>>> print(open('data-v4.cif').read())   # mmCIF, C-alpha atoms and all ligand atoms
data_entry
loop_
_atom_site.label_atom_id
_atom_site.label_comp_id
_atom_site.auth_asym_id
_atom_site.auth_seq_id
_atom_site.Cartn_x
_atom_site.Cartn_y
_atom_site.Cartn_z
CA MET A 1 44.81 98.78 23.12
CA PRO A 2 41.03 98.99 23.21
CA GLY A 3 39.35 98.95 26.57
CA THR A 4 42.45 98.49 28.66
CA GLY A 5 43.54 102.03 29.40
CA GLY A 6 46.85 103.59 28.50
CA ARG A 7 50.30 102.26 29.20
CA GLY A 8 50.88 102.42 32.93
CA GLY A 9 47.50 104.06 33.33
CA ARG A 10 44.56 102.89 35.29
CA ALA A 11 42.92 99.89 33.67
CA ALA A 12 39.41 100.29 32.42
CA ARG A 13 36.76 98.51 34.36
CA PHE A 14 34.81 95.83 32.64
CA THR A 15 31.23 95.13 33.37
CA VAL A 16 30.83 92.25 35.74
CA ALA A 17 28.40 89.64 34.54
CA TRP A 18 27.54 86.89 36.98
CA VAL A 19 27.00 83.76 34.99
CA LEU A 20 25.19 80.92 36.68
CA MET A 21 27.38 77.84 36.57
CA LEU A 22 24.94 75.15 37.62
CA GLY A 23 24.15 73.73 34.19
CA ALA A 24 27.77 73.69 33.09
CA GLY A 25 28.85 72.07 36.34
CA LEU A 26 26.35 69.28 36.07
CA ALA A 27 27.23 68.71 32.42
CA ALA A 28 30.92 68.40 33.21
CA LEU A 29 30.27 66.03 36.09
CA GLY A 30 28.14 63.92 33.79
CA ALA A 31 30.93 63.84 31.23
CA LEU A 32 33.28 62.45 33.85
CA GLY A 33 30.80 59.79 34.84
CA ALA A 34 30.93 61.03 38.43
CA PRO A 35 27.98 60.83 40.77
CA VAL A 36 26.97 64.34 41.75
CA ALA A 37 26.83 63.29 45.41
CA GLN A 38 30.62 62.92 45.50
CA ARG A 39 31.16 66.61 45.04
CA ARG A 40 32.39 68.20 48.24
CA PRO A 41 31.03 71.70 48.74
CA GLU A 42 33.68 73.50 50.80
CA ARG A 43 32.46 77.06 50.39
CA PRO A 44 29.49 78.86 48.89
CA ALA A 45 29.54 78.29 45.14
CA ALA A 46 31.28 81.16 43.38
CA SER A 47 30.39 82.12 39.86
CA GLY A 48 32.04 84.04 37.09
CA THR A 49 35.45 83.94 35.49
CA GLY A 50 38.30 86.30 36.27
CA PHE A 51 40.61 87.86 33.72
CA ALA A 52 44.00 88.82 35.13
CA TYR A 53 46.01 91.34 33.14
CA ASP A 54 47.93 94.58 33.48
CA PRO A 55 49.20 97.00 30.81
CA VAL A 56 52.75 96.80 32.21
CA LEU A 57 52.93 93.30 30.70
CA LEU A 58 53.21 94.98 27.30
CA GLU A 59 56.35 96.82 28.36
CA HIS A 60 58.51 93.68 28.21
CA GLU A 61 59.94 94.29 24.75
CA THR A 62 61.82 91.48 23.08
CA GLY A 63 62.57 92.89 19.62
CA ALA A 64 60.65 92.90 16.38
CA SER A 65 61.50 89.39 15.26
CA HIS A 66 60.96 87.58 18.56
CA PRO A 67 57.91 85.30 18.69
CA GLU A 68 57.16 86.12 22.35
CA ARG A 69 56.04 89.71 21.80
CA PRO A 70 53.56 92.18 23.31
CA GLU A 71 51.19 91.77 20.35
CA ARG A 72 50.32 88.33 21.71
CA LEU A 73 48.37 89.89 24.56
CA THR A 74 46.93 92.62 22.35
CA ALA A 75 45.62 89.96 19.98
CA VAL A 76 44.03 88.01 22.84
CA ILE A 77 42.32 91.07 24.29
CA GLU A 78 41.06 92.33 20.96
CA ARG A 79 39.65 88.91 20.19
CA LEU A 80 37.86 88.57 23.52
CA GLN A 81 36.51 92.07 23.12
CA SER A 82 35.29 91.57 19.56
CA LYS A 83 33.42 88.44 20.63
CA ASP A 84 31.79 90.21 23.60
CA LEU A 85 33.57 87.91 25.99
CA LEU A 86 35.78 90.44 27.75
CA ALA A 87 32.82 92.28 29.25
CA ARG A 88 31.65 89.02 30.82
CA LEU A 89 34.91 88.58 32.72
CA VAL A 90 35.79 89.96 36.13
CA ARG A 91 38.88 92.12 35.75
CA ILE A 92 41.79 91.28 38.10
CA GLY A 93 45.02 93.28 38.43
CA PRO A 94 48.37 92.15 39.83
CA ARG A 95 48.98 91.69 43.54
CA LYS A 96 51.10 94.63 44.59
CA ASP A 97 53.43 92.67 46.87
CA ALA A 98 54.20 90.01 44.26
CA GLU A 99 57.94 90.62 44.59
CA ALA A 100 57.81 89.24 48.11
CA TRP A 101 56.53 85.89 46.86
CA LEU A 102 59.05 85.22 44.09
CA GLY A 103 61.29 83.53 46.65
CA LEU A 104 58.84 80.65 46.89
CA ILE A 105 60.54 79.30 43.77
CA HIS A 106 63.56 81.51 43.02
CA SER A 107 66.64 82.36 45.06
CA PRO A 108 67.00 85.96 46.31
CA GLU A 109 70.24 86.20 44.34
CA TYR A 110 68.46 85.34 41.10
CA VAL A 111 65.64 87.84 41.70
CA ALA A 112 68.21 90.57 42.46
CA ARG A 113 70.18 89.66 39.35
CA VAL A 114 67.12 89.82 37.09
CA ARG A 115 66.27 93.27 38.49
CA ARG A 116 69.84 94.51 38.17
CA GLU A 117 70.50 93.19 34.66
CA CYS A 118 67.18 94.40 33.24
CA ARG A 119 67.61 97.89 34.66
CA ALA A 120 71.22 98.03 33.47
CA GLY A 121 70.07 97.42 29.90
CA ALA A 122 71.35 93.87 29.45
CA PRO A 123 70.28 92.47 26.05
CA PHE A 124 69.19 89.09 27.43
CA LEU A 125 69.11 86.95 30.57
CA ASP A 126 71.20 83.78 30.67
CA SER A 127 70.78 82.98 26.97
CA PRO A 128 69.93 84.99 23.85
CA ASP A 129 66.51 83.33 23.52
CA THR A 130 65.33 85.34 26.54
CA PRO A 131 65.81 88.99 25.57
CA VAL A 132 65.05 91.68 28.13
CA CYS A 133 64.61 95.44 28.26
CA PRO A 134 64.77 97.97 31.13
CA ARG A 135 61.06 97.34 31.98
CA THR A 136 61.20 93.55 31.84
CA TYR A 137 61.62 93.12 35.58
CA GLU A 138 58.44 95.13 36.29
CA ALA A 139 56.53 93.12 33.68
CA ALA A 140 57.79 89.79 35.00
CA VAL A 141 56.85 90.71 38.59
CA ALA A 142 53.40 91.83 37.39
CA ALA A 143 52.92 88.56 35.52
CA ALA A 144 53.49 86.61 38.73
CA GLY A 145 51.37 89.17 40.60
CA CYS A 146 48.43 88.68 38.21
CA VAL A 147 48.49 84.95 38.86
CA LEU A 148 48.60 85.46 42.63
CA SER A 149 45.65 87.87 42.44
CA ALA A 150 43.72 85.37 40.36
CA VAL A 151 44.41 82.69 42.96
CA ASP A 152 43.22 85.05 45.73
CA ALA A 153 40.03 85.85 43.80
CA VAL A 154 39.20 82.16 43.41
CA MET A 155 40.10 81.29 47.00
CA GLU A 156 38.01 84.18 48.33
CA GLY A 157 35.04 83.12 46.21
CA ARG A 158 34.95 86.28 44.10
CA VAL A 159 35.11 84.16 40.95
CA GLU A 160 34.89 80.46 40.26
CA ASN A 161 37.92 80.35 37.99
CA ALA A 162 40.23 82.72 36.13
CA PHE A 163 42.40 83.12 33.06
CA CYS A 164 45.66 85.07 33.34
CA ALA A 165 46.72 86.81 30.11
CA VAL A 166 50.33 87.27 31.15
CA ARG A 167 53.84 87.44 29.76
CA PRO A 168 56.73 86.77 30.03
CA PRO A 169 55.71 83.13 30.37
CA GLY A 170 57.08 81.01 33.19
CA HIS A 171 57.22 77.24 32.92
CA HIS A 172 60.86 76.96 31.74
CA ALA A 173 62.17 79.32 34.43
CA ARG A 174 64.34 77.56 36.99
CA ARG A 175 65.32 78.53 40.52
CA GLU A 176 68.45 80.36 39.39
CA ARG A 177 68.03 80.69 35.66
CA ALA A 178 65.89 82.28 32.95
CA MET A 179 65.15 79.96 30.04
CA GLY A 180 63.09 79.73 26.89
CA PHE A 181 61.46 83.21 27.07
CA CYS A 182 60.59 82.58 30.77
CA ILE A 183 61.86 84.62 33.73
CA PHE A 184 59.78 83.84 36.83
CA ASN A 185 57.88 80.58 37.13
CA ASN A 186 54.40 82.05 37.47
CA VAL A 187 52.57 78.76 37.92
CA GLY A 188 55.15 77.31 40.30
CA ILE A 189 55.01 80.41 42.47
CA ALA A 190 51.20 80.18 42.50
CA ALA A 191 51.26 76.54 43.59
CA ARG A 192 53.52 77.30 46.55
CA TYR A 193 51.50 80.42 47.34
CA LEU A 194 48.33 78.33 47.55
CA GLN A 195 50.07 76.20 50.14
CA LYS A 196 51.74 78.97 52.16
CA GLN A 197 49.14 81.73 51.99
CA HIS A 198 45.92 79.76 51.64
CA GLY A 199 46.86 76.63 53.55
CA LEU A 200 46.05 74.13 50.81
CA ARG A 201 47.91 70.84 50.74
CA LYS A 202 47.52 69.41 47.25
CA VAL A 203 47.79 71.29 43.99
CA LEU A 204 47.52 69.89 40.46
CA ILE A 205 49.42 71.56 37.64
CA VAL A 206 48.32 70.62 34.12
CA ASP A 207 50.83 71.82 31.53
CA TRP A 208 49.68 71.44 27.92
CA ASP A 209 52.15 73.88 26.37
CA VAL A 210 53.81 72.09 23.46
CA HIS A 211 57.17 72.46 25.23
CA HIS A 212 57.91 70.55 28.41
CA GLY A 213 57.65 72.65 31.58
CA ASN A 214 61.09 71.70 32.85
CA GLY A 215 61.28 74.53 35.39
CA THR A 216 57.98 73.61 36.98
CA GLN A 217 58.80 69.91 37.01
CA GLU A 218 62.14 70.61 38.65
CA ALA A 219 60.59 72.76 41.39
CA PHE A 220 58.32 69.95 42.57
CA TYR A 221 60.23 66.84 41.48
CA ASP A 222 60.64 65.39 44.98
CA ASP A 223 57.39 66.81 46.35
CA PRO A 224 54.24 64.65 46.61
CA SER A 225 52.04 67.66 47.40
CA VAL A 226 52.14 69.04 43.85
CA LEU A 227 51.20 66.77 40.96
CA TYR A 228 52.82 67.96 37.74
CA PHE A 229 51.18 66.60 34.59
CA GLY A 230 52.83 67.56 31.32
CA VAL A 231 51.75 66.65 27.79
CA HIS A 232 54.16 67.99 25.20
CA GLY A 233 55.99 67.40 21.97
CA HIS A 234 59.06 65.21 22.04
CA PRO A 235 61.73 65.58 20.83
CA LEU A 236 61.37 69.34 21.16
CA TYR A 237 62.86 72.15 23.24
CA PRO A 238 64.00 71.88 26.03
CA GLY A 239 64.56 68.14 25.56
CA THR A 240 63.27 67.01 28.97
CA GLY A 241 59.91 65.41 29.77
CA ALA A 242 60.43 61.74 28.91
CA ALA A 243 57.83 59.34 30.31
CA GLU A 244 60.55 57.91 32.57
CA GLU A 245 60.79 61.22 34.45
CA ARG A 246 58.32 60.43 37.24
CA GLY A 247 59.63 62.32 40.27
CA SER A 248 62.05 61.23 42.95
CA GLY A 249 62.05 60.22 46.63
CA PRO A 250 58.69 61.04 48.22
CA GLY A 251 57.73 62.75 44.95
CA GLU A 252 58.03 59.58 42.90
CA GLY A 253 54.86 59.15 40.84
CA PHE A 254 53.83 62.80 41.31
CA THR A 255 55.42 63.90 38.06
CA ILE A 256 53.70 62.56 34.96
CA ASN A 257 55.00 63.21 31.47
CA VAL A 258 53.27 62.24 28.27
CA PRO A 259 55.50 63.02 25.30
CA LEU A 260 53.76 63.12 21.92
CA ARG A 261 55.26 62.93 18.45
CA ALA A 262 55.11 65.89 16.09
CA GLY A 263 51.81 66.16 14.27
CA ALA A 264 49.57 65.10 17.17
CA GLY A 265 46.14 66.72 17.03
CA ASP A 266 42.90 67.07 18.99
CA GLU A 267 42.20 63.36 19.31
CA GLU A 268 45.64 62.48 20.66
CA TYR A 269 45.56 65.32 23.17
CA VAL A 270 42.01 64.60 24.31
CA GLN A 271 42.87 60.92 24.70
CA VAL A 272 45.83 61.76 26.95
CA VAL A 273 43.81 64.10 29.12
CA GLN A 274 40.77 61.81 29.25
CA GLY A 275 42.95 58.82 30.09
CA SER A 276 46.20 59.45 31.95
CA LEU A 277 45.37 62.85 33.43
CA LEU A 278 41.88 62.03 34.62
CA ARG A 279 42.97 58.84 36.36
CA ALA A 280 45.96 60.47 38.04
CA ALA A 281 44.07 63.60 39.03
CA LEU A 282 41.16 61.75 40.60
CA ASP A 283 43.57 59.52 42.54
CA PHE A 284 45.48 62.57 43.71
CA GLY A 285 42.43 64.63 44.72
CA PRO A 286 43.75 68.17 44.19
CA GLU A 287 42.41 71.07 46.22
CA PHE A 288 43.20 73.48 43.38
CA VAL A 289 43.96 73.13 39.68
CA LEU A 290 46.45 75.31 37.82
CA ILE A 291 46.82 75.14 34.05
CA SER A 292 50.05 76.09 32.30
CA ALA A 293 48.04 77.04 29.25
CA GLY A 294 50.35 77.27 26.31
CA PHE A 295 48.63 77.37 22.94
CA ASP A 296 51.68 76.57 20.81
CA ALA A 297 50.37 73.09 19.99
CA HIS A 298 47.94 74.96 17.70
CA LYS A 299 48.09 73.80 14.08
CA ASP A 300 49.26 77.23 12.84
CA ASP A 301 51.94 77.78 15.47
CA PRO A 302 55.35 78.52 13.95
CA LEU A 303 57.24 76.68 16.74
CA GLY A 304 55.05 73.78 17.83
CA GLY A 305 54.67 71.31 14.96
CA MET A 306 51.35 70.00 16.32
CA GLN A 307 47.83 70.01 14.86
CA VAL A 308 45.57 71.02 17.75
CA THR A 309 42.65 73.28 16.79
CA ALA A 310 40.99 76.00 18.84
CA GLU A 311 38.05 73.64 19.30
CA GLY A 312 40.51 71.04 20.60
CA PHE A 313 41.73 73.48 23.23
CA GLY A 314 38.09 74.01 24.20
CA ARG A 315 37.68 70.25 24.70
CA LEU A 316 40.85 70.05 26.80
CA THR A 317 39.59 72.94 28.91
CA ARG A 318 36.25 71.22 29.49
CA LEU A 319 38.02 68.07 30.68
CA VAL A 320 40.35 69.88 33.09
CA LYS A 321 37.51 72.07 34.33
CA GLY A 322 35.62 68.85 35.00
CA VAL A 323 38.49 67.64 37.19
CA ALA A 324 38.35 70.88 39.18
CA GLU A 325 34.59 70.61 39.58
CA ARG A 326 34.82 67.03 40.66
CA CYS A 327 37.73 67.48 43.07
CA CYS A 328 37.78 71.04 44.37
CA ASP A 329 34.55 72.91 43.81
CA GLY A 330 35.71 74.18 40.42
CA ARG A 331 38.74 76.08 41.74
CA LEU A 332 40.95 76.61 38.71
CA VAL A 333 43.37 79.27 37.49
CA SER A 334 44.72 79.07 33.96
CA VAL A 335 47.94 80.89 33.10
CA LEU A 336 49.11 81.76 29.61
CA GLU A 337 52.44 80.22 28.61
CA GLY A 338 53.34 79.96 24.89
CA GLY A 339 51.38 80.40 21.65
CA TYR A 340 53.06 82.29 18.81
CA SER A 341 50.61 82.43 15.93
CA LEU A 342 48.66 85.57 16.81
CA GLU A 343 45.49 84.31 15.12
CA GLY A 344 45.92 80.77 16.45
CA LEU A 345 46.56 82.08 19.95
CA ALA A 346 43.59 84.46 19.87
CA GLU A 347 41.09 81.86 18.66
CA SER A 348 42.44 79.25 21.09
CA VAL A 349 42.15 81.59 24.08
CA GLU A 350 38.63 82.47 22.95
CA ALA A 351 37.66 78.77 22.93
CA HIS A 352 39.39 78.26 26.29
CA VAL A 353 37.69 81.23 27.96
CA ARG A 354 34.28 80.30 26.52
CA VAL A 355 34.47 77.01 28.38
CA LEU A 356 35.67 78.67 31.58
CA VAL A 357 32.66 81.02 31.62
CA GLU A 358 30.10 78.33 30.69
ZN ZN A 401 55.87 76.55 24.53
#
>>> encode(input="data-v4.cif", output="structure tokens")
Amino acid sequence: MPGTGGRGGRAARFTVAWVLMLGAGLAALGALGAPVAQRRPERPAASGTGFAYDPVLLEHETGASHPERPERLTAVIERLQSKDLLARLVRIGPRKDAEAWLGLIHSPEYVARVRRECRAGAPFLDSPDTPVCPRTYEAAVAAAGCVLSAVDAVMEGRVENAFCAVRPPGHHARRERAMGFCIFNNVGIAARYLQKQHGLRKVLIVDWDVHHGNGTQEAFYDDPSVLYFGVHGHPLYPGTGAAEERGSGPGEGFTINVPLRAGAGDEEYVQVVQGSLLRAALDFGPEFVLISAGFDAHKDDPLGGMQVTAEGFGRLTRLVKGVAERCCDGRLVSVLEGGYSLEGLAESVEAHVRVLVE
């Protein structure tokens, strides 16, 4: 893998380029129609975009024919490198104590079972769609750890925002169960971590993976402090995510699902984000924005059945980044979920990261 060091070795350092964000910030605020005076500066403006990754993420091997494979990350990194984007990103490695934070979403019994079954050579966890290998536990912990480090970097003002190139993905993972290629719910853990470790109250999760983030929704279903917004294909795996699923008890109204029919493209997605998401997000007033950034709604994806282009993902990114700039000083961490066409994934991440660094 070019520029990333050997397996298990020390990661190469990338040049840090501090990119001034002022122009991009003002442009995004203008796009939202928001008066600049409403922006609440809560800390000195950070600049730059983080890139969270670790070579151990490649050691989660799922078999030659599985769509969620190590080459996904290799393709992303090679693409960012070939477009001279990687060198502009601030490299972030996984938080070393990530294991200690998994319990924010998962039971201790589940975490122990994942560790035990992976190390014992089990072929899969809970269902055959989630294959594992003896190094899967380490990779899954590092994936969560990368997201936590990215959150720390943003909260400490070392970067304005960050993209986490991680796998296994997380948004289907439930408290006690692996599901749909996902083992630990990376984004859910990060949302709780922001509250526990950094003292934030309100976190927005935007999930545009083509599959509904059932695990994330479930974790916060009765909780008004985390707004879950999911736009996804329906009917499609895992079958949840109907518009009627809106949260329960004090959390009612803090889960928003927008199911789309197969074949939806850039315009449909942009309309949803510009309409439903923007309204809900501005009402909610998040202190941090997390994106469950799946790119399997890409037109070439073998699983998604949607027609979103890389440029479309760039437009979605600009809109969500605008929400973060308007509400929380630009604080945003984006976390890779799905995306199974290597070329489609690579060009979509490129478009996504280009907007993050603008
Ligand atoms: Zn997906």
>>> closest_residue(input="data-v4.cif", among="A:Asp329, A:Glu311, A:Glu68, A:Asp266", to="ligand ZN 401 (chain A)", atoms="only C-alpha atoms and all ligand atoms")
A:Glu68
>>> closest_residue(input="data-v4.cif", among="A:Glu99, A:Asp54, A:Asp152, A:Asp209", to="ligand ZN 401 (chain A)", atoms="all atoms listed in the file")
A:Asp209
>>> residues_near_ligand(input="data-v4.cif", ligand="ligand ZN 401 (chain A)", cutoff="6 Å", atoms="all atoms listed in the file", output="ChimeraX atom specification")
/A:209-211,294,296,338
>>> axis_aligned_box(input="data-v4.cif", around="region 151-168 of chain A", padding_each_side="8 Å", output="JSON")
{"center_x": 45.8, "center_y": 83.9, "center_z": 39.0, "size_x": 37.8, "size_y": 23.1, "size_z": 34.6}
>>> residues_around(input="data-v4.cif", residues="Ser292 (chain A)", least_positions_apart="2", cutoff="8 Å", atoms="all atoms listed in the file", output="PyMOL selection string")
chain A and resi 171+187+205-209+290+294+334-337
>>> closest_residue(input="data-v4.cif", among="A:Asp283, A:Glu267, A:Asp129, A:Glu245", to="Leu204 (chain A)", atoms="all atoms listed in the file")
A:Asp283
